[in-house]
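As stored in run.cif (mmCIF, C-alpha atoms):
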data_run
loop_
_atom_site.label_atom_id
_atom_site.label_comp_id
_atom_site.auth_asym_id
_atom_site.auth_seq_id
_atom_site.Cartn_x
_atom_site.Cartn_y
_atom_site.Cartn_z
CA MET K 1 0.00 0.00 0.00
CA LYS K 2 1.49 3.35 -1.03
CA SER K 3 1.69 6.27 1.35
CA PHE K 4 -0.98 8.97 1.22
CA SER K 5 -2.40 11.98 3.00
CA LEU K 6 -6.03 13.09 3.38
CA ASN K 7 -7.14 16.69 3.35
CA ARG K 8 -9.12 18.29 6.17
CA ILE K 9 -12.83 17.52 6.11
CA PRO K 10 -15.22 20.22 7.41
CA GLU K 11 -17.63 19.49 10.21
CA ILE K 12 -20.48 17.52 8.63
CA ILE K 13 -23.98 17.67 10.11
CA PHE K 14 -26.25 15.08 8.51
CA GLY K 15 -29.88 14.10 8.95
CA PRO K 16 -33.51 15.10 8.30
CA GLY K 17 -34.46 18.36 9.98
CA ARG K 18 -30.93 19.34 10.89
CA ALA K 19 -31.07 22.55 8.86
CA ARG K 20 -32.31 24.18 12.04
CA GLU K 21 -28.79 23.76 13.45
CA ILE K 22 -27.56 26.44 11.03
CA VAL K 23 -28.55 28.91 13.74
CA SER K 24 -26.27 27.51 16.45
CA ARG K 25 -23.35 27.14 14.03
CA ALA K 26 -23.88 30.71 12.83
CA GLU K 27 -23.74 32.00 16.38
CA ALA K 28 -20.56 30.03 17.07
CA LEU K 29 -18.86 31.35 13.94
CA ALA K 30 -20.13 34.96 13.78
CA GLY K 31 -21.55 35.85 17.19
CA LYS K 32 -25.07 36.88 18.17
CA GLY K 33 -26.88 39.38 15.99
CA ALA K 34 -24.34 39.34 13.18
CA ALA K 35 -25.13 40.40 9.64
CA ILE K 36 -25.11 37.34 7.37
CA VAL K 37 -25.12 37.03 3.60
CA LEU K 38 -27.21 34.10 2.41
CA VAL K 39 -26.23 33.14 -1.16
CA ALA K 40 -29.26 31.17 -2.30
CA ASP K 41 -30.24 29.39 -5.49
CA PRO K 42 -33.05 31.51 -7.02
CA ALA K 43 -35.17 28.39 -7.53
CA LEU K 44 -35.42 27.98 -3.76
CA GLY K 45 -37.34 31.23 -3.24
CA PRO K 46 -40.65 30.06 -4.75
CA LEU K 47 -40.30 26.77 -2.86
CA GLY K 48 -40.13 28.62 0.45
CA ILE K 49 -36.70 27.21 1.33
CA THR K 50 -34.81 30.51 1.19
CA GLY K 51 -37.48 32.18 3.31
CA HIS K 52 -37.40 29.30 5.79
CA VAL K 53 -33.65 29.52 6.35
CA SER K 54 -33.66 33.33 6.35
CA GLY K 55 -36.53 33.25 8.84
CA LEU K 56 -34.68 30.90 11.18
CA LEU K 57 -31.76 33.32 11.21
CA ALA K 58 -33.92 36.42 11.69
CA GLU K 59 -35.87 34.82 14.55
CA ALA K 60 -32.56 34.11 16.29
CA GLY K 61 -31.63 37.80 16.07
CA PHE K 62 -29.34 37.72 13.04
CA GLU K 63 -29.52 40.19 10.16
CA PRO K 64 -29.78 38.04 7.00
CA HIS K 65 -29.24 39.55 3.53
CA VAL K 66 -30.10 37.34 0.57
CA TYR K 67 -28.24 37.26 -2.74
CA ASP K 68 -30.07 35.13 -5.31
CA GLY K 69 -29.50 37.13 -8.47
CA PHE K 70 -27.65 34.52 -10.50
CA THR K 71 -28.92 32.20 -13.21
CA GLY K 72 -27.34 28.98 -14.40
CA GLU K 73 -23.77 28.22 -13.44
CA PRO K 74 -21.84 30.76 -11.30
CA LYS K 75 -20.27 33.77 -12.94
CA GLN K 76 -17.64 36.25 -11.88
CA LYS K 77 -20.22 39.04 -11.61
CA ASP K 78 -22.29 36.94 -9.18
CA VAL K 79 -19.34 36.37 -6.87
CA ASP K 80 -18.51 40.08 -6.99
CA ALA K 81 -22.13 41.05 -6.28
CA ALA K 82 -22.42 38.72 -3.29
CA ALA K 83 -19.07 39.92 -1.93
CA GLY K 84 -20.15 43.54 -2.37
CA LEU K 85 -23.35 42.84 -0.44
CA ALA K 86 -21.29 41.36 2.40
CA ARG K 87 -19.01 44.41 2.54
CA ARG K 88 -21.90 46.90 2.48
CA HIS K 89 -23.59 45.25 5.43
CA ARG K 90 -20.37 44.35 7.25
CA ALA K 91 -21.39 40.71 7.25
CA ARG K 92 -19.52 38.38 9.55
CA LEU K 93 -20.67 35.12 7.91
CA VAL K 94 -21.58 33.76 4.49
CA ILE K 95 -24.01 30.85 4.02
CA GLY K 96 -24.33 29.04 0.69
CA LEU K 97 -27.75 27.46 0.13
CA GLY K 98 -28.45 25.47 -3.02
CA GLY K 99 -26.62 23.45 -5.62
CA GLY K 100 -23.06 23.82 -6.79
CA SER K 101 -23.67 27.27 -8.29
CA ALA K 102 -24.79 28.76 -4.99
CA LEU K 103 -22.11 27.01 -2.97
CA ASP K 104 -19.26 27.92 -5.31
CA THR K 105 -20.44 31.53 -5.42
CA ALA K 106 -20.64 31.69 -1.63
CA LYS K 107 -17.21 30.15 -1.14
CA LEU K 108 -15.37 32.64 -3.30
CA ALA K 109 -17.54 35.56 -2.16
CA ALA K 110 -16.43 34.86 1.43
CA CYS K 111 -12.87 35.48 0.25
CA CYS K 112 -13.57 38.47 -2.00
CA ALA K 113 -15.61 40.17 0.72
CA VAL K 114 -12.47 40.38 2.85
CA SER K 115 -9.85 41.06 0.17
CA GLY K 116 -11.90 43.63 -1.75
CA LEU K 117 -10.69 42.07 -5.00
CA SER K 118 -12.83 40.84 -7.87
CA ALA K 119 -13.25 37.10 -8.42
CA SER K 120 -11.17 37.59 -11.57
CA ALA K 121 -8.08 38.01 -9.39
CA TYR K 122 -8.32 34.41 -8.22
CA ALA K 123 -8.90 32.69 -11.56
CA LEU K 124 -6.52 29.73 -11.89
CA CYS K 125 -4.76 30.85 -8.68
CA ALA K 126 -3.38 34.05 -10.18
CA THR K 127 -3.58 35.67 -6.71
CA PRO K 128 -3.25 34.00 -3.28
CA LEU K 129 -6.56 33.69 -1.46
CA PRO K 130 -6.95 35.67 1.78
CA ALA K 131 -6.20 33.62 4.87
CA ASN K 132 -8.86 35.45 6.92
CA ARG K 133 -11.94 34.95 4.71
CA LEU K 134 -15.38 35.28 6.30
CA PRO K 135 -16.64 32.17 8.11
CA LEU K 136 -18.60 29.92 5.79
CA ILE K 137 -21.46 27.43 6.10
CA ALA K 138 -22.51 25.30 3.12
CA VAL K 139 -26.02 23.86 2.87
CA PRO K 140 -26.49 21.76 -0.29
CA THR K 141 -30.01 21.30 -1.64
CA THR K 142 -28.98 18.99 -4.49
CA ALA K 143 -26.98 15.77 -4.34
CA GLY K 144 -24.37 16.48 -6.97
CA THR K 145 -21.27 18.62 -6.66
CA GLY K 146 -20.03 17.85 -3.16
CA SER K 147 -18.92 21.49 -3.12
CA GLU K 148 -19.78 21.69 0.57
CA VAL K 149 -16.53 19.84 1.41
CA THR K 150 -14.15 20.92 -1.37
CA ARG K 151 -11.52 23.64 -1.73
CA VAL K 152 -12.55 24.60 -5.27
CA SER K 153 -14.85 27.27 -6.68
CA VAL K 154 -15.75 26.97 -10.37
CA TYR K 155 -17.17 29.97 -12.22
CA ALA K 156 -17.24 31.67 -15.62
CA ASP K 157 -15.12 34.74 -16.22
CA ASP K 158 -16.42 37.83 -18.00
CA GLY K 159 -15.62 36.20 -21.35
CA GLY K 160 -17.81 33.21 -20.51
CA VAL K 161 -14.82 30.87 -20.10
CA LYS K 162 -15.06 28.43 -17.20
CA VAL K 163 -12.23 28.95 -14.71
CA TRP K 164 -11.69 28.04 -11.09
CA ALA K 165 -10.01 29.09 -7.90
CA TRP K 166 -8.72 26.61 -5.39
CA GLY K 167 -7.14 26.57 -1.98
CA GLU K 168 -7.83 25.48 1.58
CA GLU K 169 -9.34 28.93 2.23
CA LEU K 170 -12.34 28.01 0.03
CA LYS K 171 -13.31 24.99 2.07
CA PRO K 172 -16.39 25.66 4.25
CA ASP K 173 -16.21 25.50 8.02
CA VAL K 174 -19.44 23.52 8.32
CA ALA K 175 -21.51 21.45 5.89
CA VAL K 176 -25.17 20.93 6.80
CA LEU K 177 -26.74 17.98 4.94
CA ASP K 178 -30.50 17.91 5.45
CA PRO K 179 -32.27 15.62 2.96
CA GLU K 180 -35.57 17.39 3.63
CA LEU K 181 -34.18 20.34 1.66
CA THR K 182 -33.76 18.13 -1.43
CA LEU K 183 -37.30 16.73 -1.66
CA ALA K 184 -38.47 19.29 -4.22
CA VAL K 185 -35.64 18.69 -6.69
CA PRO K 186 -37.21 17.66 -10.07
CA PRO K 187 -36.46 14.18 -11.47
CA GLN K 188 -34.25 15.37 -14.35
CA VAL K 189 -32.15 17.51 -11.98
CA THR K 190 -31.95 14.63 -9.50
CA ALA K 191 -30.68 12.39 -12.30
CA ALA K 192 -28.12 14.87 -13.63
CA THR K 193 -26.71 15.86 -10.27
CA GLY K 194 -26.65 12.24 -9.10
CA LEU K 195 -24.62 11.20 -12.13
CA ASP K 196 -22.23 14.08 -11.53
CA ALA K 197 -21.73 12.84 -7.96
CA ILE K 198 -21.04 9.24 -8.92
CA VAL K 199 -18.64 10.35 -11.65
CA HIS K 200 -16.74 12.31 -9.00
CA ALA K 201 -16.31 9.14 -7.00
CA ILE K 202 -15.44 6.97 -10.00
CA GLU K 203 -12.83 9.38 -11.31
CA ALA K 204 -11.25 10.06 -7.92
CA SER K 205 -10.89 6.31 -7.28
CA THR K 206 -9.46 5.40 -10.71
CA ASN K 207 -7.26 8.29 -11.85
CA ARG K 208 -3.50 8.60 -11.50
CA HIS K 209 -3.76 10.24 -8.06
CA ARG K 210 -6.04 7.66 -6.41
CA HIS K 211 -5.03 5.95 -3.19
CA GLU K 212 -6.52 3.53 -0.69
CA GLY K 213 -7.30 6.17 1.93
CA ASN K 214 -9.51 8.10 -0.47
CA ASP K 215 -11.06 4.96 -1.96
CA LEU K 216 -12.84 4.48 1.37
CA TYR K 217 -15.00 7.54 0.64
CA CYS K 218 -15.26 7.01 -3.10
CA HIS K 219 -16.42 3.41 -3.00
CA ARG K 220 -19.01 4.19 -0.33
CA ALA K 221 -20.25 7.10 -2.46
CA ILE K 222 -20.54 4.82 -5.49
CA SER K 223 -22.53 2.25 -3.50
CA LEU K 224 -24.91 4.82 -2.02
CA ILE K 225 -25.62 6.48 -5.35
CA ALA K 226 -25.87 3.28 -7.39
CA GLU K 227 -28.39 1.87 -4.91
CA ASN K 228 -30.51 5.01 -4.56
CA LEU K 229 -30.42 7.16 -7.70
CA GLU K 230 -33.32 5.41 -9.43
CA LYS K 231 -35.34 5.49 -6.19
CA ALA K 232 -34.73 9.21 -5.73
CA VAL K 233 -35.79 9.91 -9.33
CA ASN K 234 -38.95 7.78 -9.25
CA ALA K 235 -39.99 8.39 -5.63
CA PRO K 236 -38.78 11.95 -4.90
CA ARG K 237 -40.34 12.02 -1.42
CA ASP K 238 -38.35 8.96 -0.31
CA ILE K 239 -36.37 10.62 2.49
CA ALA K 240 -34.05 7.63 2.95
CA ALA K 241 -33.09 7.63 -0.72
CA ARG K 242 -32.64 11.40 -0.68
CA GLY K 243 -30.43 11.12 2.39
CA ALA K 244 -28.31 8.39 0.81
CA MET K 245 -27.85 10.51 -2.32
CA LEU K 246 -26.88 13.57 -0.29
CA LEU K 247 -24.33 11.63 1.74
CA GLY K 248 -23.00 9.91 -1.39
CA SER K 249 -22.54 13.29 -3.05
CA CYS K 250 -20.69 14.58 0.01
CA TYR K 251 -18.36 11.55 0.04
CA GLY K 252 -17.77 12.04 -3.69
CA GLY K 253 -16.82 15.63 -2.91
CA ILE K 254 -14.28 14.41 -0.37
CA GLY K 255 -13.02 12.09 -3.10
CA ILE K 256 -12.30 14.82 -5.64
CA ASP K 257 -10.96 17.16 -2.96
CA ASN K 258 -8.22 14.60 -2.35
CA CYS K 259 -7.59 13.05 -5.76
CA GLY K 260 -9.28 15.25 -8.34
CA THR K 261 -11.25 14.34 -11.45
CA ALA K 262 -10.35 13.12 -14.94
CA LEU K 263 -11.51 12.86 -18.55
CA ALA K 264 -15.30 13.11 -18.05
CA HIS K 265 -14.83 16.44 -16.30
CA ASN K 266 -12.33 17.53 -18.94
CA ILE K 267 -15.07 17.06 -21.51
CA SER K 268 -17.83 18.74 -19.49
CA HIS K 269 -15.64 21.78 -18.79
CA ALA K 270 -14.79 22.01 -22.49
CA VAL K 271 -18.47 21.71 -23.46
CA ALA K 272 -19.35 24.55 -21.08
CA ASN K 273 -17.45 26.91 -23.37
CA LEU K 274 -19.50 25.81 -26.40
CA ALA K 275 -23.11 25.26 -25.32
CA PRO K 276 -25.33 25.66 -22.22
CA ILE K 277 -25.47 21.95 -21.31
CA ALA K 278 -26.02 21.39 -17.58
CA HIS K 279 -22.74 20.38 -15.96
CA GLY K 280 -24.04 17.24 -14.25
CA ARG K 281 -25.65 15.92 -17.40
CA ALA K 282 -22.61 16.70 -19.54
CA THR K 283 -20.34 14.96 -17.05
CA GLY K 284 -22.58 11.91 -16.75
CA LEU K 285 -22.83 11.53 -20.53
CA ALA K 286 -19.08 12.08 -20.93
CA MET K 287 -18.42 9.16 -18.59
CA LEU K 288 -20.91 7.05 -20.53
CA ALA K 289 -19.12 7.83 -23.80
CA THR K 290 -15.55 7.31 -22.57
CA MET K 291 -15.54 4.89 -19.62
CA GLU K 292 -14.70 1.81 -21.67
CA TRP K 293 -11.72 3.59 -23.26
CA VAL K 294 -10.42 5.00 -19.96
CA ALA K 295 -10.83 1.71 -18.06
CA GLU K 296 -8.05 0.16 -20.13
CA GLY K 297 -5.66 2.36 -18.17
CA ASN K 298 -6.43 0.86 -14.76
CA ARG K 299 -8.51 -2.32 -14.89
CA PRO K 300 -8.06 -3.20 -11.17
CA ALA K 301 -9.35 0.20 -10.04
CA PHE K 302 -12.37 -0.06 -12.33
CA ALA K 303 -13.01 -3.60 -11.05
CA SER K 304 -13.30 -2.07 -7.58
CA VAL K 305 -15.80 0.44 -8.98
CA ALA K 306 -17.85 -2.46 -10.35
CA LYS K 307 -17.77 -4.17 -6.97
CA ALA K 308 -19.00 -0.99 -5.28
CA MET K 309 -21.89 -0.96 -7.77
CA GLY K 310 -22.68 -4.58 -6.99
CA ALA K 311 -21.69 -5.73 -10.47
CA ALA K 312 -18.93 -7.50 -12.36
CA ASP K 313 -18.62 -5.08 -15.28
CA PRO K 314 -18.22 -1.37 -14.45
CA VAL K 315 -19.04 -0.17 -17.96
CA GLY K 316 -22.27 -2.16 -18.16
CA ALA K 317 -23.28 -1.24 -14.61
CA TYR K 318 -22.77 2.47 -15.26
CA ASP K 319 -24.63 2.25 -18.58
CA ARG K 320 -27.60 0.65 -16.84
CA LEU K 321 -27.57 3.30 -14.11
CA VAL K 322 -27.58 6.15 -16.62
CA ARG K 323 -30.46 4.69 -18.60
CA ALA K 324 -32.44 3.84 -15.45
CA SER K 325 -32.10 7.46 -14.31
CA GLY K 326 -34.20 8.59 -17.29
CA ILE K 327 -31.79 11.33 -18.22
CA LYS K 328 -32.00 12.62 -21.80
CA LEU K 329 -29.12 11.07 -23.75
CA SER K 330 -29.17 12.79 -27.13
CA LEU K 331 -27.51 16.20 -27.37
CA ALA K 332 -29.24 17.05 -30.65
CA GLY K 333 -30.65 20.56 -30.81
CA GLU K 334 -28.82 21.78 -27.71
CA GLY K 335 -26.19 23.98 -29.28
CA LEU K 336 -23.64 21.37 -30.28
CA ASP K 337 -25.03 20.34 -33.67
CA HIS K 338 -22.43 22.34 -35.56
CA VAL K 339 -19.55 21.59 -33.19
CA THR K 340 -17.09 19.18 -34.76
CA PRO K 341 -15.08 16.61 -32.80
CA GLU K 342 -11.97 18.58 -33.72
CA THR K 343 -13.39 21.77 -32.20
CA LEU K 344 -14.40 20.04 -28.98
CA ALA K 345 -11.01 18.31 -28.82
CA GLU K 346 -9.35 21.69 -29.15
CA HIS K 347 -11.18 22.91 -26.07
CA MET K 348 -10.37 19.67 -24.24
CA ALA K 349 -6.69 20.33 -24.95
CA ALA K 350 -6.80 23.88 -23.55
CA PRO K 351 -4.29 24.61 -20.76
CA ALA K 352 -7.05 25.15 -18.20
CA ASN K 353 -8.25 21.57 -18.77
CA ALA K 354 -4.78 20.00 -18.78
CA PRO K 355 -4.82 18.74 -15.15
CA MET K 356 -7.93 16.63 -15.79
CA ARG K 357 -6.47 15.23 -19.00
CA LYS K 358 -3.15 14.35 -17.38
CA SER K 359 -4.72 12.71 -14.33
CA THR K 360 -6.85 10.30 -16.38
CA ALA K 361 -5.89 6.66 -15.89
CA ARG K 362 -5.30 6.33 -19.63
CA THR K 363 -4.00 9.74 -20.67
CA PRO K 364 -5.31 10.67 -24.15
CA ALA K 365 -3.00 11.83 -26.93
CA ASP K 366 -4.22 14.57 -29.28
CA ASP K 367 -5.65 12.05 -31.74
CA ASP K 368 -7.42 10.28 -28.88
CA LEU K 369 -9.11 13.55 -27.88
CA VAL K 370 -10.78 13.75 -31.30
CA LEU K 371 -11.97 10.14 -31.02
CA LEU K 372 -13.34 10.70 -27.51
CA ALA K 373 -14.96 13.99 -28.48
CA GLU K 374 -16.76 12.22 -31.32
CA ARG K 375 -18.01 9.53 -28.94
CA PHE K 376 -19.40 12.19 -26.64
CA LEU K 377 -21.11 14.16 -29.40
CA THR K 378 -22.82 11.03 -30.71
CA VAL K 379 -23.73 9.42 -27.38
CA ALA K 380 -27.13 7.75 -27.44
#

Render the structure in this file as C-alpha cells.
Amino acid sequence: MKSFSLNRIPEIIFGPGRAREIVSRAEALAGKGAAIVLVADPALGPLGITGHVSGLLAEAGFEPHVYDGFTGEPKQKDVDAAAGLARRHRARLVIGLGGGSALDTAKLAACCAVSGLSASAYALCATPLPANRLPLIAVPTTAGTGSEVTRVSVYADDGGVKVWAWGEELKPDVAVLDPELTLAVPPQVTAATGLDAIVHAIEASTNRHRHEGNDLYCHRAISLIAENLEKAVNAPRDIAARGAMLLGSCYGGIGIDNCGTALAHNISHAVANLAPIAHGRATGLAMLATMEWVAEGNRPAFASVAKAMGAADPVGAYDRLVRASGIKLSLAGEGLDHVTPETLAEHMAAPANAPMRKSTARTPADDDLVLLAERFLTVA
C-alpha cells in the first residue's frame, strides 16, 4: 500500500431536519446578531426554502441579507455582487444554500468580501486567497457537486470561459446535509446531479492520483448512489433515498478534494465553453461515452468500482444506471449540432483543462481527444 495523506474535512452535520442547526453554528462562527449574507439558489425562493432559512436566522436575532440574483452556473459578476453585499452590510458570515452554483459563489464571495478584489483576481490561482476569509457554512439542496466539502470554486469569467479558484481557504467550516431540503428537486435535476456525484467518486478512485485512503470515501459514495439514484428519481419524497444521495454526493466531494477528477470532467468543462449543457448531465454523458476507453488504463481500479456498484462489469453497470435514471441522452438541438469533434477536442486540450487530461488513468494523446470527443457528441 502506497503512502498517502487526506485533506481536512469540514464538520459535517447530517440528517432530516438538521437545517435548524444552522442557527447555532452561525452564532458560534459569527456571534449573536451578526449580519449574514445568504447566497441562495433563485429556484429555492418560490419553494419557500430561502425564506425558511432566512426566517430561522432572523428569529434568532441575526440580520440576513439574501443574494439570489444569479442564473445557471456561477459567474464572476455573481461572486462580486455577493461579496459587495457582504461588505456593504459588514457581514460576519456567508451561508451558501443550493446546488453547486450557490455554494461555489458563496465560497469565493467569502474570500472576495475580505480582500476587496474581484473574483477575476483568483482565476486559476493568479492571486493568493486571503487567509482570513469570512466564516462559511454550506447547505447543499442537491446531491451532486459535493462542493460543501471541497476547496474549489468553479465559475465563468467575463468572457464566458469556465475557470476556477482553489485553496484550503475556500473549504467551508461547516456542511449541513439535510435531505428534507432536497425533496423538491425535479427528477431530471436529481438524475443529472446524481450522475455528476457518482462520476466524482469513479474518477477520484481510478485516476493517477487515487489511493486507498480516499477509496474508502469514493467506494461508499458509489454504492450509495448506485443503490438510490433510481429510487430518488422515481420516488422523490423517499427521504431515505434522498439522504443516501446527499451523503453519497458529500463523500464524492471528499473524493475529488483529495484526488481530483479526470476525462469526463475535462469534456464537461470544455463543453461549457461551447453550449449551455447542464454540468451534471454533460459529465454523466461524458463518462458514458468514454468509460470503456479509460478503463483500459487501470482495470483493477475499475473492477473495484464495479464491486462498489454490486456488479462485475463497471461499464455495463454504469450504462444501466444512466439509462435507469431517465436522463435525456441525445444532445441534438442543444447547441452542439455544428460543433465538430476537432473543435471540442481543441477545447479539451486547452491549458485550463490540462490537469484533468493528465490525471486520467489512460491519458489521451491529441488524436485520442478527437476520437473521444466524437463519442461524446454522438452518445445515445

Show me, as an NGL selection string, the residues that have an atom within 9 Å of Ser304 of chain K when counting all atoms listed in the file, minus same-chain residues fewer than 4 positions from it.
:K and (205-206 or 219 or 299-300 or 308-309 or 314)

Residue by residue, what does the PyMOL selection byres ((chain K and resi 218) around 7) grab here? Present the result as a list in words.
Ala201, Ile202, Ala204, Ser205, Asn214, Asp215, Leu216, Tyr217, His219, Arg220, Ala221, Ile222, Tyr251, Gly252 and Gly255 of chain K

Output of the PyMOL selection byres ((chain K and resi 14) around 6), listed as a PyMOL selection string
chain K and resi 13+15+177-178

Dump of C-alpha atoms for the selected residues, as a CSV table (one decimal), in the frame of the given file:
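Writing the result to selection.csv gives the following:
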chain,number,residue,atom,x,y,z
K,13,ILE,CA,-24.0,17.7,10.1
K,15,GLY,CA,-29.9,14.1,9.0
K,177,LEU,CA,-26.7,18.0,4.9
K,178,ASP,CA,-30.5,17.9,5.4

Selected residue, from K:Glu73, K:Asp173, K:Glu180, K:Glu230, that lies nearest to Val161 of chain K when counting only C-alpha atoms:
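Among K:Glu73, K:Asp173, K:Glu180, K:Glu230, it is K:Glu73 that comes nearest to Val161 of chain K.
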
Since I can't run it myself right now, could you work out what the PyMOL selection byres ((chain K and resi 268) around 7) selects here and report it as a VMD selection string?
chain K and resid 264 to 267 269 to 272 279 282 to 283 286

What are the nearest atom pairs, with distances in Å to one decimal, for all residues of segment 231-315 of chain K that come at most 10 Å from segment 133-145 of chain K, using only C-alpha atoms, set out by chain and rising residue number as CSV?
residue,atom,partner,partner_atom,distance
K:Arg242,CA,K:Ala143,CA,8.0
K:Gly243,CA,K:Ala143,CA,8.9
K:Ala244,CA,K:Ala143,CA,9.1
K:Met245,CA,K:Ala143,CA,5.7
K:Leu246,CA,K:Ala143,CA,4.6
K:Leu247,CA,K:Ala143,CA,7.8
K:Gly248,CA,K:Ala143,CA,7.7
K:Ser249,CA,K:Ala143,CA,5.2
K:Cys250,CA,K:Ala143,CA,7.7
K:Gly252,CA,K:Thr145,CA,8.0
K:Gly253,CA,K:Thr145,CA,6.5
K:Ile256,CA,K:Thr145,CA,9.8
K:His279,CA,K:Thr145,CA,9.6
K:Gly280,CA,K:Gly144,CA,7.3

K:Ala262, K:Ala306, K:Ala192, K:Ala289: which is nearest Ser325 of chain K, counting all atoms listed in the file?
K:Ala192
